[in-house]
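Written out below as structure tokens is the structure these notes cover.
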Amino acid sequence: MNRQQPSPMPSHRYRDVFAKVPVAPVDRTWPDNRITSAPLWVPVDLRDGNQALAEPMDPERKRRFFELMVAMGYKEIEVGYPSASQTDFDFVRLLAESDLVPPDVTIVVFTPARADLIARTVESVAGMRGDVVIHMYAATAPVWRDVVLRRSRDELASMIYAGSEEILRLAGDSVRFQFSPEVYNLTEPDYVLELADHLTKQWDATPERPVTLNLPATVEVATPNVYADQIEYMHQNLPRRDGVILSVHPHNDRGTGIACAELAVLAGAQRVEGCVFGNGERTGNVDIATLALNLHAQGVDPMIDFSDIDGIRSVVEYCTRMPIHPRHPYVGELVYTAFSGTHQDAIRKGFAVQDDGFWQVPYLPIDPADVGRGYEAVVRVNSQSGKGGIAHVLESVYGVTLPPSEERAFAAHVQRHTDATGREATAAELKALYEEVYGCSN
């Protein structure tokens, strides 16, 4: 059946995830679980997303992005890497010394496990009102240990514990703590449990003052079910589990970051780090807008306000200097638009019977009005369109109702026009064609 031929690419040079790291057996519950409430969303646009920009955000753009995220309802926001640049340090100081941070918003700052950088990070949040999380990270996967850090497991663990002790010494009760074993998905699970046991004990993790353990798929390397197994293993085996917020940070190297995050939540993750529209290194961080609106489309309140998605897009494009793709889920210019005749006909018929009950218009997973979009662009006409779509545009824009006997004949006129021009026919052009064929509108 399959006549495909071997490609010339050197696929033999690569190994699957099971050859790179032990994937611990787990008594899976996640395949039978359902997501019934939103996790804690933590946008990292101002840190991880900012690091991935060709032109990092200046202070004015950072402030505008931060104010957007507060307005959308985020309650925990990673705002920078204050030891990495003076710009990041100064922005964190701006937040500490101004009234920009509402009292119910937690600020997160990021630091490597190095004493001098930890000291600079603690200095940046001095006087910050409200909750602060100091997020310490270290790369723990074997390739990173051996090639980048050149440390054994024990040597790296000693470095991490020294860093966690330094944060505790300098910051004490004034902050909460977070640790990320970078490239968790390629790290031995027993090693992560060893680190987590030490850190949650050292930082005195309790339900009243939980420690965040963030488990990144820093480079996506496996199908999403493998990541779900890795998350559920930690969920089932973490010491002091009731004092730990289990967090995930998926990237999108395989194009399945969304699925990884959703399955991770099924597997026990309580918190998801990502970027508003998925900006980030390489193919990006996980896309919070898509994740949140996926919940919305399933009848679950995402607890973040995307009701003005075009306004959000405008700010994000300005701050990042990057355009949003027209096919980007939920926010792209064309995602609620049908050109195909069969799709247009189904949408038209769905609108005709839709009432105030459950949304059930074919081909539209959510009502565009939920995110501030109108209906004028839902059906657009080109050479692929059919009579139903053409009739819908005339009726919805101009109130021109074609009787069934005229729909097919007029569609033939439109087809000849769009074939000749090779482009989309606007509503005004359809109206002009109608008047040309029938003499006047009805």
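Chains: A, B, ... in order of the structure tokens. Residues: from 1 per chain. Ligands: from 1, in order shown.
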Which neighbours of region 228-245 of chain A fall inside 10 Å, counting only C-alpha atoms, when residues of the same chain fewer than 5 positions from it are skipped, and could you give them as a PyMOL selection string? chain A and resi 22-31+40+178+184-186+189-190+192-194+196-198+200-201+204-216+223+259-271
Any chance you could list, as a PyMOL selection string, the residues in region 62-237 of chain A that come up helix (DSSP H, G or I) when DSSP is run on the backbone? chain A and resi 62-72+86-97+115-124+142-149+153-174+184-186+189-202+224-237
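Every protein or nucleic acid residue with an atom no more than 10 Å from region 408-411 of chain A, counting only C-alpha atoms and leaving out same-chain residues fewer than 6 positions away, appears here: A:Ser385, A:Gly386, A:Lys387, A:Gly388, A:Gly389, A:Ile390, A:Ala391, A:Leu402, A:His417, A:Leu430, A:Leu433, A:Tyr434, A:Val437, A:Tyr438.
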Those same residues - N, CA and C atoms - I'd like them written as a short mmCIF file (atom, residue, chain, number, x, y, z; two decimals), in the first residue's frame.
data_model
loop_
_atom_site.label_atom_id
_atom_site.label_comp_id
_atom_site.auth_asym_id
_atom_site.auth_seq_id
_atom_site.Cartn_x
_atom_site.Cartn_y
_atom_site.Cartn_z
N SER A 385 -15.32 29.07 -3.44
CA SER A 385 -16.55 29.26 -2.68
C SER A 385 -17.76 28.73 -3.44
N GLY A 386 -18.86 28.59 -2.70
CA GLY A 386 -20.09 28.06 -3.29
C GLY A 386 -21.25 29.01 -3.14
N LYS A 387 -22.41 28.57 -3.60
CA LYS A 387 -23.59 29.42 -3.62
C LYS A 387 -24.03 29.83 -2.22
N GLY A 388 -23.88 28.92 -1.26
CA GLY A 388 -24.31 29.24 0.10
C GLY A 388 -23.50 30.36 0.71
N GLY A 389 -22.19 30.34 0.49
CA GLY A 389 -21.34 31.38 1.02
C GLY A 389 -21.61 32.73 0.38
N ILE A 390 -21.82 32.73 -0.93
CA ILE A 390 -22.10 33.97 -1.64
C ILE A 390 -23.42 34.56 -1.15
N ALA A 391 -24.42 33.71 -1.00
CA ALA A 391 -25.72 34.18 -0.51
C ALA A 391 -25.59 34.71 0.92
N LEU A 402 -31.23 36.13 -1.61
CA LEU A 402 -31.39 35.44 -2.90
C LEU A 402 -32.38 34.30 -2.75
N HIS A 417 -16.15 35.37 -12.40
CA HIS A 417 -15.43 36.58 -11.98
C HIS A 417 -14.17 36.22 -11.18
N LEU A 430 -19.39 41.65 -4.80
CA LEU A 430 -20.54 40.76 -4.94
C LEU A 430 -21.82 41.56 -5.14
N LEU A 433 -21.80 42.88 -8.69
CA LEU A 433 -22.12 41.80 -9.63
C LEU A 433 -23.61 41.49 -9.61
N TYR A 434 -24.18 41.48 -8.41
CA TYR A 434 -25.61 41.18 -8.30
C TYR A 434 -26.43 42.23 -9.06
N VAL A 437 -26.12 41.78 -12.79
CA VAL A 437 -26.87 40.63 -13.34
C VAL A 437 -28.38 40.87 -13.24
N TYR A 438 -28.84 41.38 -12.07
CA TYR A 438 -30.28 41.45 -11.85
C TYR A 438 -30.84 42.88 -11.92
#
Which residue, A:Gly299, A:Gly280, A:Pro6, A:Pro362, has the smallest gap to Leu53 (chain A) when you use only C-alpha atoms? A:Gly280
As a tab-separated table (two decimals) with N, CA, C and O atoms, in the first residue's frame, which residues of region 61-114 of chain A does DSSP assign to strand (DSSP E)?
chain	number	residue	atom	x	y	z
A	76	GLU	N	0.25	35.15	38.55
A	76	GLU	CA	1.66	34.87	38.80
A	76	GLU	C	2.39	35.11	37.48
A	76	GLU	O	2.02	34.53	36.45
A	77	ILE	N	3.40	35.98	37.50
A	77	ILE	CA	4.05	36.42	36.26
A	77	ILE	C	5.57	36.39	36.47
A	77	ILE	O	6.08	37.01	37.41
A	78	GLU	N	6.26	35.67	35.58
A	78	GLU	CA	7.73	35.70	35.63
A	78	GLU	C	8.18	36.94	34.86
A	78	GLU	O	7.91	37.07	33.67
A	79	VAL	N	8.88	37.85	35.56
A	79	VAL	CA	9.11	39.18	35.00
A	79	VAL	C	10.52	39.40	34.50
A	79	VAL	O	10.78	40.43	33.86
A	80	GLY	N	11.44	38.47	34.75
A	80	GLY	CA	12.77	38.73	34.22
A	80	GLY	C	13.85	37.86	34.82
A	80	GLY	O	13.62	37.03	35.70
A	106	THR	N	1.61	37.58	42.08
A	106	THR	CA	2.91	37.08	42.52
A	106	THR	C	3.95	37.33	41.42
A	106	THR	O	3.72	37.02	40.26
A	107	ILE	N	5.08	37.87	41.81
A	107	ILE	CA	6.19	38.15	40.90
A	107	ILE	C	7.21	37.03	41.00
A	107	ILE	O	7.60	36.61	42.10
A	108	VAL	N	7.67	36.55	39.85
A	108	VAL	CA	8.68	35.49	39.79
A	108	VAL	C	9.92	36.05	39.10
A	108	VAL	O	9.82	36.70	38.05
A	109	VAL	N	11.09	35.80	39.70
A	109	VAL	CA	12.36	36.17	39.08
A	109	VAL	C	13.23	34.92	38.96
A	109	VAL	O	13.16	34.01	39.78
A	110	PHE	N	14.08	34.89	37.97
A	110	PHE	CA	14.78	33.70	37.50
A	110	PHE	C	16.28	33.84	37.76
A	110	PHE	O	16.86	34.90	37.51
A	111	THR	N	16.90	32.76	38.25
A	111	THR	CA	18.34	32.82	38.51
A	111	THR	C	18.99	31.45	38.34
A	111	THR	O	18.38	30.43	38.68
A	112	PRO	N	20.22	31.40	37.84
A	112	PRO	CA	20.98	30.16	37.90
A	112	PRO	C	21.39	29.86	39.35
A	112	PRO	O	21.32	30.73	40.22
So that I can see what lies close to region 364-379 of chain A, please list as a PyMOL selection string the residues with an atom at most 8 Å from it, counting only C-alpha atoms and leaving out residues fewer than 4 positions away in the same chain. chain A and resi 297+306-310+336-339+344+347+359-360+389+392-393+396-397
Within 9 Å of Asp287 (chain A), counting only C-alpha atoms, which residues show up once you throw out same-chain ones fewer than 5 positions away? Write them as a list in words, please.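 The contact residues come out as Gly257, Ile258, Gly274, Cys275, Val276, Phe277, Gly278, Asn279 and Ala292 of chain A.
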May I have the residues within 9 Å of Leu168 (chain A) as a short mmCIF file (atom, residue, chain, number, x, y, z; two decimals) with N, CA and C atoms, in the first residue's frame, using only C-alpha atoms and disregarding those fewer than 4 positions away in the same chain?
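Done, and the output landed in out-v5.cif:
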data_model
loop_
_atom_site.label_atom_id
_atom_site.label_comp_id
_atom_site.auth_asym_id
_atom_site.auth_seq_id
_atom_site.Cartn_x
_atom_site.Cartn_y
_atom_site.Cartn_z
N GLY A 163 23.34 26.53 46.06
CA GLY A 163 22.52 27.64 45.57
C GLY A 163 21.23 27.77 46.36
N SER A 164 20.58 26.67 46.64
CA SER A 164 19.33 26.73 47.40
C SER A 164 19.56 27.21 48.82
N GLY A 172 15.31 34.13 52.88
CA GLY A 172 14.57 33.61 54.03
C GLY A 172 13.08 33.57 53.81
N ASP A 173 12.34 34.08 54.80
CA ASP A 173 10.88 34.01 54.77
C ASP A 173 10.24 35.03 53.85
N VAL A 175 10.38 35.26 50.63
CA VAL A 175 10.03 34.75 49.31
C VAL A 175 9.55 33.32 49.40
N PHE A 177 9.89 29.62 46.95
CA PHE A 177 10.99 29.05 46.19
C PHE A 177 10.47 28.19 45.04
N GLN A 202 14.87 21.19 52.54
CA GLN A 202 15.66 22.37 52.88
C GLN A 202 14.80 23.63 52.90
N TRP A 203 13.87 23.74 51.93
CA TRP A 203 13.01 24.92 51.82
C TRP A 203 11.72 24.76 52.61
#
Measuring atom to atom with only C-alpha atoms, identify which of A:Arg321, A:Ile312, A:Pro142, A:Asn225 is nearest to Ala71 (chain A).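 Closest candidate: A:Ile312.
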Find the residue from A:Glu273, A:Asp99, A:Asp131, A:Glu435 that sits nearest to Val42 (chain A); use only C-alpha atoms when measuring. A:Glu273
